[in-house]
file upload-v8.cif (mmCIF, C-alpha atoms)
data_upload
#
loop_
_atom_site.label_atom_id
_atom_site.label_comp_id
_atom_site.auth_asym_id
_atom_site.auth_seq_id
_atom_site.Cartn_x
_atom_site.Cartn_y
_atom_site.Cartn_z
CA MET A 1 -2.43 -31.43 3.24
CA ARG A 2 -0.09 -31.21 6.20
CA ASP A 3 1.21 -28.05 7.78
CA ARG A 4 4.28 -27.76 9.95
CA SER A 5 2.56 -29.23 12.99
CA GLY A 6 0.95 -31.91 10.86
CA ALA A 7 -2.43 -31.62 12.47
CA VAL A 8 -4.46 -28.88 10.86
CA ARG A 9 -6.31 -30.62 8.05
CA ARG A 10 -9.65 -29.53 9.45
CA PHE A 11 -8.91 -25.98 8.31
CA LEU A 12 -9.30 -26.95 4.67
CA PRO A 13 -13.05 -27.07 4.21
CA LEU A 14 -13.85 -29.41 1.37
CA SER A 15 -17.62 -29.42 1.63
CA ALA A 16 -20.38 -27.17 2.83
CA ALA A 17 -20.90 -29.35 5.88
CA LEU A 18 -17.26 -29.19 6.75
CA ILE A 19 -17.23 -25.41 6.25
CA ALA A 20 -20.16 -25.06 8.62
CA HIS A 21 -18.56 -27.38 11.17
CA THR A 22 -15.26 -25.54 11.04
CA ALA A 23 -16.96 -22.17 11.30
CA THR A 24 -18.86 -23.33 14.37
CA GLN A 25 -15.68 -24.60 15.98
CA LEU A 26 -13.91 -21.35 15.26
CA ALA A 27 -16.85 -19.26 16.39
CA CYS A 28 -17.02 -21.02 19.72
CA ALA A 29 -13.32 -20.90 20.40
CA GLN A 30 -12.32 -17.80 18.41
CA THR A 31 -9.09 -19.73 18.00
CA ARG A 32 -6.16 -18.05 16.41
CA THR A 33 -4.64 -20.48 13.97
CA LEU A 34 -1.68 -18.13 13.82
CA PRO A 35 -0.70 -17.42 17.45
CA LEU A 36 -0.02 -13.80 18.35
CA ASP A 37 3.57 -14.53 19.35
CA GLU A 38 4.26 -16.00 15.92
CA LEU A 39 3.11 -12.96 13.94
CA ARG A 40 5.61 -11.55 11.48
CA SER A 41 5.13 -8.48 9.34
CA GLY A 42 5.66 -8.85 5.59
CA ILE A 43 8.76 -6.68 5.84
CA THR A 44 10.58 -9.52 7.59
CA PHE A 45 10.17 -11.60 4.43
CA ALA A 46 11.48 -8.83 2.18
CA GLY A 47 15.02 -8.47 0.87
CA ALA A 48 17.53 -5.94 2.14
CA ASP A 49 16.87 -3.44 -0.66
CA VAL A 50 13.11 -3.36 0.01
CA ARG A 51 13.71 -3.01 3.75
CA ALA A 52 16.11 -0.12 3.09
CA MET A 53 13.54 1.60 0.86
CA GLN A 54 10.84 1.36 3.51
CA ALA A 55 13.13 2.54 6.30
CA ASP A 56 14.25 5.67 4.45
CA ASP A 57 11.45 8.23 4.35
CA PHE A 58 13.09 9.88 1.40
CA ALA A 59 13.62 6.77 -0.71
CA ASN A 60 10.14 5.44 0.16
CA PRO A 61 8.04 6.36 -2.91
CA GLY A 62 4.88 6.04 -0.80
CA MET A 63 5.83 9.32 0.87
CA LEU A 64 5.03 11.12 -2.39
CA TRP A 65 1.41 10.17 -1.73
CA VAL A 66 1.69 11.19 1.93
CA ASP A 67 2.87 14.63 0.79
CA ARG A 68 -0.07 14.95 -1.57
CA GLY A 69 -2.36 13.79 1.25
CA GLU A 70 -1.04 16.54 3.49
CA SER A 71 -1.97 19.23 0.95
CA LEU A 72 -5.39 17.62 0.37
CA TRP A 73 -5.97 17.59 4.13
CA LYS A 74 -5.66 21.36 4.12
CA ARG A 75 -7.64 21.98 0.95
CA ALA A 76 -11.02 23.61 1.57
CA SER A 77 -14.20 22.35 -0.08
CA PRO A 78 -16.65 24.82 -1.74
CA ASP A 79 -18.55 25.31 1.52
CA GLY A 80 -15.32 26.07 3.29
CA ALA A 81 -14.63 22.92 5.29
CA SER A 82 -11.32 21.17 4.85
CA CYS A 83 -10.30 18.07 6.80
CA GLU A 84 -8.16 20.44 8.83
CA SER A 85 -11.03 22.73 9.82
CA CYS A 86 -12.64 19.91 11.84
CA HIS A 87 -9.70 17.67 12.66
CA GLY A 88 -6.94 20.24 13.05
CA ASP A 89 -3.39 19.00 12.86
CA ALA A 90 -3.51 15.42 11.62
CA LYS A 91 -0.33 14.50 13.48
CA ALA A 92 -2.29 14.85 16.70
CA SER A 93 -5.89 14.09 15.75
CA MET A 94 -5.26 11.15 13.44
CA ARG A 95 -2.70 9.39 15.61
CA GLY A 96 -4.27 6.16 16.85
CA VAL A 97 -7.07 6.17 14.27
CA ALA A 98 -5.78 3.80 11.57
CA PRO A 99 -4.96 0.94 14.01
CA ARG A 100 -8.66 0.73 14.89
CA TYR A 101 -9.76 0.32 11.28
CA PRO A 102 -11.80 -1.34 9.82
CA ALA A 103 -14.29 -0.22 12.46
CA TYR A 104 -18.03 -0.32 12.96
CA ASP A 105 -19.74 3.00 12.28
CA THR A 106 -22.96 3.54 14.20
CA THR A 107 -24.37 6.17 11.81
CA THR A 108 -24.19 3.99 8.70
CA SER A 109 -24.52 0.72 10.66
CA ARG A 110 -21.65 -0.80 8.71
CA VAL A 111 -18.05 -1.73 9.20
CA LEU A 112 -16.02 0.86 7.34
CA ASP A 113 -12.41 0.66 6.27
CA LEU A 114 -10.30 3.81 6.25
CA GLU A 115 -11.16 4.67 2.64
CA ALA A 116 -14.89 4.31 3.30
CA ARG A 117 -14.53 6.44 6.42
CA ILE A 118 -12.80 9.21 4.48
CA ASP A 119 -15.51 9.12 1.81
CA ASP A 120 -18.22 9.17 4.46
CA CYS A 121 -16.72 12.36 5.89
CA ARG A 122 -16.41 13.92 2.44
CA VAL A 123 -20.00 13.21 1.46
CA ARG A 124 -21.79 13.86 4.73
CA ARG A 125 -19.71 16.66 6.23
CA GLN A 126 -17.85 18.33 3.39
CA LYS A 127 -20.72 17.91 0.91
CA LEU A 128 -18.25 16.75 -1.69
CA PRO A 129 -18.58 13.85 -4.16
CA PRO A 130 -16.94 10.64 -2.96
CA LEU A 131 -13.40 9.85 -4.08
CA GLN A 132 -12.91 6.84 -6.31
CA ARG A 133 -11.08 4.01 -4.61
CA GLU A 134 -7.50 3.65 -5.91
CA SER A 135 -7.62 7.21 -7.27
CA GLY A 136 -4.55 9.34 -6.58
CA ASP A 137 -6.41 11.55 -4.12
CA MET A 138 -7.99 8.68 -2.19
CA LEU A 139 -4.66 6.89 -1.86
CA ALA A 140 -2.99 10.15 -0.84
CA LEU A 141 -5.49 10.88 1.94
CA THR A 142 -5.51 7.28 3.18
CA ALA A 143 -1.72 7.20 3.23
CA TYR A 144 -1.57 10.52 5.06
CA VAL A 145 -4.04 9.42 7.74
CA ALA A 146 -2.53 5.97 8.11
CA THR A 147 1.04 7.18 8.41
CA GLN A 148 0.14 9.26 11.47
CA SER A 149 -0.17 5.91 13.27
CA ARG A 150 3.07 4.46 11.98
CA GLY A 151 4.66 2.42 14.74
CA LEU A 152 1.41 1.84 16.62
CA PRO A 153 0.04 -1.70 17.01
CA ALA A 154 -3.03 -2.80 15.07
CA SER A 155 -6.00 -3.13 17.40
CA VAL A 156 -9.41 -3.62 15.84
CA SER A 157 -12.59 -4.55 17.65
CA ILE A 158 -14.73 -7.46 16.51
CA ALA A 159 -17.19 -7.09 19.38
CA GLY A 160 -20.92 -6.50 19.01
CA PRO A 161 -22.09 -5.41 15.54
CA ALA A 162 -18.64 -5.91 13.97
CA ARG A 163 -18.79 -9.61 14.78
CA ALA A 164 -20.90 -10.57 11.74
CA THR A 165 -18.43 -8.86 9.41
CA TRP A 166 -15.53 -10.65 11.09
CA GLU A 167 -17.30 -14.01 10.72
CA ARG A 168 -17.93 -13.47 7.02
CA GLY A 169 -14.30 -12.46 6.60
CA ARG A 170 -13.12 -15.54 8.46
CA ASP A 171 -15.35 -17.82 6.35
CA PHE A 172 -14.04 -16.21 3.17
CA TYR A 173 -10.45 -16.68 4.36
CA TYR A 174 -10.86 -20.41 4.95
CA ALA A 175 -13.00 -21.12 1.89
CA ARG A 176 -11.47 -22.28 -1.39
CA HIS A 177 -11.70 -19.80 -4.26
CA GLY A 178 -11.24 -19.71 -7.98
CA GLN A 179 -10.19 -22.14 -10.65
CA MET A 180 -7.19 -23.08 -8.55
CA ASN A 181 -9.51 -23.82 -5.66
CA LEU A 182 -7.22 -22.39 -3.03
CA ALA A 183 -8.02 -20.80 0.32
CA CYS A 184 -6.05 -17.87 1.73
CA ALA A 185 -5.20 -20.07 4.70
CA GLN A 186 -3.47 -22.66 2.55
CA CYS A 187 -0.70 -20.29 1.50
CA HIS A 188 -0.63 -17.88 4.42
CA GLU A 189 -1.27 -20.16 7.35
CA GLN A 190 -0.09 -23.57 6.27
CA HIS A 191 2.80 -22.64 4.03
CA TRP A 192 4.07 -19.21 5.06
CA GLY A 193 7.83 -19.19 5.05
CA GLN A 194 7.90 -21.73 2.25
CA ARG A 195 8.35 -20.87 -1.39
CA LEU A 196 5.93 -20.42 -4.25
CA TYR A 197 8.18 -20.40 -7.30
CA SER A 198 10.84 -17.84 -6.40
CA GLU A 199 8.77 -16.01 -3.80
CA THR A 200 8.74 -16.72 -0.09
CA LEU A 201 5.14 -16.75 1.15
CA SER A 202 4.47 -14.20 3.85
CA GLN A 203 1.80 -14.50 6.53
CA GLY A 204 -0.37 -12.16 4.44
CA HIS A 205 -0.96 -9.28 6.86
CA GLY A 206 -2.29 -5.85 5.98
CA ASN A 207 -0.35 -3.76 8.50
CA ALA A 208 1.79 -2.05 5.85
CA PHE A 209 -1.04 -0.87 3.65
CA PRO A 210 -1.55 1.38 1.78
CA ALA A 211 1.79 0.21 0.43
CA TYR A 212 4.02 1.02 -2.51
CA LYS A 213 4.34 -2.24 -4.35
CA LEU A 214 7.24 -2.30 -6.78
CA GLU A 215 5.18 -4.59 -8.99
CA TRP A 216 2.51 -1.89 -9.26
CA GLN A 217 4.98 0.99 -9.52
CA SER A 218 2.42 2.81 -7.41
CA LEU A 219 0.93 3.06 -3.96
CA GLY A 220 -2.09 0.78 -3.58
CA SER A 221 -4.67 -0.21 -1.00
CA LEU A 222 -5.15 -3.48 0.86
CA GLN A 223 -8.26 -4.10 -1.23
CA ARG A 224 -6.12 -3.95 -4.35
CA ARG A 225 -3.78 -6.52 -2.84
CA ILE A 226 -6.62 -8.86 -1.86
CA ARG A 227 -8.09 -8.58 -5.36
CA ALA A 228 -4.68 -9.40 -6.80
CA CYS A 229 -4.48 -12.57 -4.70
CA LEU A 230 -7.93 -13.62 -5.94
CA PHE A 231 -6.79 -12.93 -9.48
CA GLY A 232 -3.85 -15.19 -8.72
CA VAL A 233 -6.10 -18.12 -7.89
CA ARG A 234 -8.24 -17.29 -10.93
CA ALA A 235 -11.24 -16.30 -8.92
CA GLN A 236 -13.84 -13.65 -9.67
CA MET A 237 -12.48 -10.43 -8.18
CA PRO A 238 -15.02 -8.47 -6.11
CA GLU A 239 -15.37 -4.83 -7.13
CA TYR A 240 -13.58 -2.24 -5.04
CA GLY A 241 -15.70 -1.41 -2.02
CA ALA A 242 -17.50 -4.77 -2.15
CA GLN A 243 -18.68 -6.19 1.16
CA GLU A 244 -16.44 -9.27 0.88
CA LEU A 245 -13.34 -7.12 0.69
CA THR A 246 -14.28 -5.16 3.82
CA ASP A 247 -15.08 -8.47 5.56
CA VAL A 248 -11.63 -9.84 4.74
CA GLU A 249 -9.92 -6.56 5.71
CA LEU A 250 -11.48 -6.77 9.17
CA PHE A 251 -10.52 -10.41 9.55
CA LEU A 252 -6.95 -9.67 8.47
CA ALA A 253 -6.65 -6.78 10.91
CA TRP A 254 -7.88 -9.02 13.74
CA ARG A 255 -5.53 -11.79 12.63
CA GLY A 256 -2.60 -9.40 12.70
CA HIS A 257 -3.49 -7.90 16.08
CA GLY A 258 -0.50 -6.16 17.61
CA LEU A 259 1.55 -5.83 14.42
CA THR A 260 2.90 -2.30 14.07
CA LEU A 261 1.50 -0.20 11.27
CA GLU A 262 4.05 0.59 8.58
CA ALA A 263 2.05 2.74 6.18
CA PRO A 264 3.27 3.68 3.66
CA GLY A 265 4.96 0.29 3.39
CA VAL A 266 7.18 -0.86 0.55
CA ARG A 267 6.74 -4.33 -0.85
CA ARG A 268 7.83 -6.28 -3.92
CA MET B 1 3.01 22.63 -7.41
CA ALA B 2 5.02 19.65 -8.48
CA ASP B 3 4.87 16.26 -6.83
CA ALA B 4 8.48 16.07 -5.77
CA ARG B 5 10.42 15.55 -2.59
CA ILE B 6 13.77 17.28 -2.33
CA ASN B 7 16.49 16.69 0.19
CA VAL B 8 19.53 18.93 0.52
CA PRO B 9 21.74 19.52 3.54
CA ALA B 10 20.81 22.39 5.85
CA GLU B 11 24.25 23.89 5.46
CA CYS B 12 27.13 23.20 3.03
CA ARG B 13 30.83 23.94 3.27
CA ARG B 14 32.31 26.06 0.47
CA GLY B 15 34.25 23.99 -2.03
CA GLU B 16 32.89 20.69 -0.68
CA PRO B 17 30.42 18.44 -2.51
CA PHE B 18 26.97 18.11 -1.02
CA GLU B 19 24.35 15.47 -1.66
CA VAL B 20 21.14 16.31 -3.47
CA ARG B 21 18.26 13.84 -3.50
CA ILE B 22 15.02 14.24 -5.37
CA SER B 23 12.13 11.88 -5.99
CA ILE B 24 9.50 12.84 -8.51
CA ARG B 25 6.02 11.45 -8.74
CA HIS B 26 5.58 10.38 -12.34
CA ALA B 27 4.06 7.23 -13.79
CA MET B 28 6.87 6.89 -16.38
CA GLU B 29 4.57 5.03 -18.75
CA THR B 30 6.88 2.92 -20.91
CA GLY B 31 4.72 2.63 -23.99
CA TYR B 32 5.02 -1.16 -23.92
CA ARG B 33 1.92 -1.78 -21.84
CA THR B 34 -1.57 -2.45 -23.13
CA ASP B 35 -4.86 -1.71 -21.40
CA ALA B 36 -7.62 -4.20 -20.62
CA ALA B 37 -9.05 -3.78 -24.12
CA GLY B 38 -5.67 -4.59 -25.67
CA LYS B 39 -4.98 -1.03 -26.79
CA SER B 40 -1.43 0.21 -26.39
CA ILE B 41 -0.96 2.78 -23.60
CA PRO B 42 1.09 5.61 -25.09
CA ARG B 43 4.57 6.25 -23.79
CA ASN B 44 4.97 9.17 -21.41
CA VAL B 45 8.21 9.38 -19.52
CA ILE B 46 10.27 12.26 -18.20
CA GLN B 47 12.61 13.05 -21.09
CA ARG B 48 15.00 15.47 -19.51
CA PHE B 49 15.80 16.60 -16.01
CA ASP B 50 18.03 19.61 -15.32
CA CYS B 51 19.44 21.04 -12.13
CA ARG B 52 20.69 24.64 -12.13
CA TYR B 53 22.69 26.05 -9.26
CA ASN B 54 22.29 29.83 -9.27
CA ASP B 55 21.32 29.61 -12.96
CA VAL B 56 24.32 27.48 -13.92
CA LEU B 57 23.51 24.00 -15.23
CA VAL B 58 25.30 21.54 -12.93
CA PHE B 59 23.46 18.28 -13.56
CA SER B 60 21.36 16.97 -16.42
CA VAL B 61 19.75 13.59 -17.14
CA ARG B 62 18.12 12.24 -20.26
CA MET B 63 15.74 9.53 -19.17
CA GLY B 64 13.93 6.82 -21.07
CA PRO B 65 11.42 4.05 -20.38
CA GLY B 66 14.09 2.04 -18.58
CA ILE B 67 13.76 4.31 -15.55
CA ALA B 68 11.18 3.04 -13.06
CA ALA B 69 8.12 5.04 -12.08
CA ASN B 70 8.53 7.79 -9.49
CA PRO B 71 12.19 8.32 -10.34
CA TYR B 72 14.62 8.83 -7.50
CA LEU B 73 17.79 10.76 -8.27
CA ARG B 74 20.80 11.23 -6.04
CA PHE B 75 23.76 13.32 -7.12
CA PHE B 76 26.45 15.63 -5.75
CA VAL B 77 27.06 19.30 -6.38
CA THR B 78 30.11 21.28 -5.27
CA ALA B 79 29.13 24.15 -2.99
CA ARG B 80 30.08 27.61 -4.24
CA ASP B 81 27.81 30.45 -3.16
CA SER B 82 24.56 30.43 -1.23
CA GLY B 83 21.55 30.54 -3.49
CA THR B 84 19.01 28.32 -5.17
CA LEU B 85 18.99 24.91 -6.74
CA ALA B 86 16.37 24.94 -9.49
CA PHE B 87 15.09 21.63 -10.84
CA ASP B 88 13.21 21.47 -14.15
CA TRP B 89 11.91 18.52 -16.02
CA ILE B 90 9.76 17.83 -19.07
CA ASP B 91 7.98 14.66 -20.13
CA ASP B 92 6.96 13.20 -23.49
CA SER B 93 3.57 14.87 -23.39
CA GLY B 94 5.24 18.26 -23.04
CA VAL B 95 4.27 18.86 -19.43
CA ARG B 96 6.95 20.87 -17.65
CA ALA B 97 7.38 20.95 -13.92
CA SER B 98 9.86 22.48 -11.57
CA ALA B 99 10.94 22.66 -7.98
CA GLN B 100 13.45 24.60 -5.95
CA ALA B 101 15.62 24.26 -2.89
CA ALA B 102 17.52 26.91 -0.99
CA ILE B 103 21.24 26.31 -0.54
CA LYS B 104 23.12 27.85 2.36
CA VAL B 105 26.89 27.84 2.04
CA ALA B 106 29.01 28.58 5.08
#

call {"tool": "encode", "arguments": {"input": "upload-v8.cif", "output": "structure tokens"}}
result
Amino acid sequence: MRDRSGAVRRFLPLSAALIAHTATQLACAQTRTLPLDELRSGITFAGADVRAMQADDFANPGMLWVDRGESLWKRASPDGASCESCHGDAKASMRGVAPRYPAYDTTTSRVLDLEARIDDCRVRRQKLPPLQRESGDMLALTAYVATQSRGLPASVSIAGPARATWERGRDFYYARHGQMNLACAQCHEQHWGQRLYSETLSQGHGNAFPAYKLEWQSLGSLQRRIRACLFGVRAQMPEYGAQELTDVELFLAWRGHGLTLEAPGVRR
Amino acid sequence: MADARINVPAECRRGEPFEVRISIRHAMETGYRTDAAGKSIPRNVIQRFDCRYNDVLVFSVRMGPGIAANPYLRFFVTARDSGTLAFDWIDDSGVRASAQAAIKVA
């Protein structure tokens, strides 16, 4: 299969040996198949009406979740602690946080995405039960925290202990999945800009998430979007919070380094 | 507490129309969807939305399943006296909700 430059066949692993070889090559070089100066946010592939919806804070339905997140931020738990009691005004304390996520957490020795980080705070510090992923409250809090960094460039670290997660994410991205036997890279690296039925393929970045997808008629997380893609290739969908999804989230954030955060984004 | 965002101008000129925008968080379940087990998800949409300007009904909508989730309404009201815009809506399951906005007329 040829891409636009005609020379990237090695990025379609067809056997275990080839996967291992490719992974080694990539590990040594940490090559970006998609150069940083070619990055394009998904909003540049969207039509005028979607762009208008995202640009207008009032028309953007995702802001309904941001509003709910703001009231949850201030809500005290039974032992008295709200998010606000430790973190104060989110506009100040949470600015610059979301662009670093997913990030390695030294206490739990894992890479956590924003949702996992919020739950970690709830359980360990607020002594509250964890929020269910994709629940209204979880989406609201994630959207509220993420939107404080709107306009800032994504900048995750894959150094040190995060490296293993990044490598697993990268391997997942280039491996074929599902009955359709397609890798993420085939659509989003080799054929972005081209059409799949009536849709124009984007580069598949996560900088706008959590995003209001018109198809969902709801705000949803990046994990939901990744699961939906796997459903699309008729693959087994990992459960929410599964390691593979966090791995891919980290890889995607690294791949989209420098893209401005748009949460809450609006997408088709 | 209702999940709604309201936008009205800070100040309105007497006799002139002003723009009112409201978006309401509501799933607007059409009744045509089925769950993973194949069971029909019951319809639950906002049936009626009213806007009263100082207790006078100035705008009313009857909605159905054709309206997308999280409905966004934009309409105009002629400014008379300063006061309150009161929004009320009720859905198929009987849940009522309301919101208000202060109107300042110069």

call {"tool": "residues_near_point", "arguments": {"input": "upload-v8.cif", "point": "(13.2, 7.4, 1.3)", "cutoff": "12 Å", "atoms": "all atoms listed in the file", "output": "number ranges by chain"}}
result
A: 49-64, 212, 264-266; B: 5-7, 21-24, 70-74

call {"tool": "resolve_selection", "arguments": {"input": "upload-v8.cif", "expression": "the PyMOL selection byres ((chain B and resi 18) around 9)", "output": "number ranges by chain"}}
result
B: 8-9, 12-13, 16-17, 19-20, 75-79

call {"tool": "write_last_selection", "arguments": {"input": "upload-v8.cif", "atoms": "C-alpha atoms", "output": "mmCIF file, in the coordinates of the input"}}
result
data_model
loop_
_atom_site.group_PDB
_atom_site.id
_atom_site.type_symbol
_atom_site.label_atom_id
_atom_site.label_comp_id
_atom_site.auth_asym_id
_atom_site.auth_seq_id
_atom_site.Cartn_x
_atom_site.Cartn_y
_atom_site.Cartn_z
ATOM 1 C CA VAL B 8 19.530 18.930 0.520
ATOM 2 C CA PRO B 9 21.740 19.520 3.540
ATOM 3 C CA CYS B 12 27.130 23.200 3.030
ATOM 4 C CA ARG B 13 30.830 23.940 3.270
ATOM 5 C CA GLU B 16 32.890 20.690 -0.680
ATOM 6 C CA PRO B 17 30.420 18.440 -2.510
ATOM 7 C CA GLU B 19 24.350 15.470 -1.660
ATOM 8 C CA VAL B 20 21.140 16.310 -3.470
ATOM 9 C CA PHE B 75 23.760 13.320 -7.120
ATOM 10 C CA PHE B 76 26.450 15.630 -5.750
ATOM 11 C CA VAL B 77 27.060 19.300 -6.380
ATOM 12 C CA THR B 78 30.110 21.280 -5.270
ATOM 13 C CA ALA B 79 29.130 24.150 -2.990
#

call {"tool": "axis_aligned_box", "arguments": {"input": "upload-v8.cif", "around": "region 102-113 of chain A", "padding_each_side": "8 Å", "output": "JSON"}}
result
{"center_x": -18.2, "center_y": 2.2, "center_z": 10.2, "size_x": 28.7, "size_y": 23.9, "size_z": 23.9}

call {"tool": "atom_distance", "arguments": {"input": "upload-v8.cif", "atom1": "CA of Leu128 (chain A)", "atom2": "CA of Arg100 (chain A)"}}
result
25.0 Å

call {"tool": "residues_around", "arguments": {"input": "upload-v8.cif", "residues": "region 81-89 of chain B", "least_positions_apart": "2", "cutoff": "7 Å", "atoms": "all atoms listed in the file", "output": "PyMOL selection string"}}
result
chain B and resi 46+48-54+79+91+96-105

call {"tool": "atom_distance", "arguments": {"input": "upload-v8.cif", "atom1": "CA of Pro42 (chain B)", "atom2": "CA of Pro65 (chain B)"}}
result
11.5 Å

call {"tool": "atom_distance", "arguments": {"input": "upload-v8.cif", "atom1": "CA of Val248 (chain A)", "atom2": "CA of Phe172 (chain A)"}}
result
7.0 Å

call {"tool": "residues_around", "arguments": {"input": "upload-v8.cif", "residues": "Tyr101 (chain A)", "least_positions_apart": "4", "cutoff": "7 Å", "atoms": "all atoms listed in the file", "output": "list in words"}}
result
Asp113, Leu114 and Val156 of chain A

call {"tool": "closest_residue", "arguments": {"input": "upload-v8.cif", "among": "B:Arg14, B:Arg80, B:Arg25, B:Lys39", "to": "chain A", "atoms": "all atoms listed in the file"}}
result
B:Arg25

call {"tool": "residues_around", "arguments": {"input": "upload-v8.cif", "residues": "Asp92 (chain B)", "least_positions_apart": "5", "cutoff": "10 Å", "atoms": "only C-alpha atoms", "output": "tab-separated table (two decimals) with C-alpha atoms, in the frame of the given file"}}
result
chain	number	residue	atom	x	y	z
B	28	MET	CA	6.87	6.89	-16.38
B	29	GLU	CA	4.57	5.03	-18.75
B	42	PRO	CA	1.09	5.61	-25.09
B	43	ARG	CA	4.57	6.25	-23.79
B	44	ASN	CA	4.97	9.17	-21.41
B	45	VAL	CA	8.21	9.38	-19.52
B	46	ILE	CA	10.27	12.26	-18.20
B	47	GLN	CA	12.61	13.05	-21.09
B	48	ARG	CA	15.00	15.47	-19.51
B	64	GLY	CA	13.93	6.82	-21.07

call {"tool": "resolve_selection", "arguments": {"input": "upload-v8.cif", "expression": "the PyMOL selection byres ((chain A and resi 218) around 9)", "output": "list in words"}}
result
Pro61, Gly62, Ala211, Tyr212, Lys213, Leu214, Glu215, Trp216, Gln217, Leu219 and Gly220 of chain A; Ala27, Ala69 and Asn70 of chain B
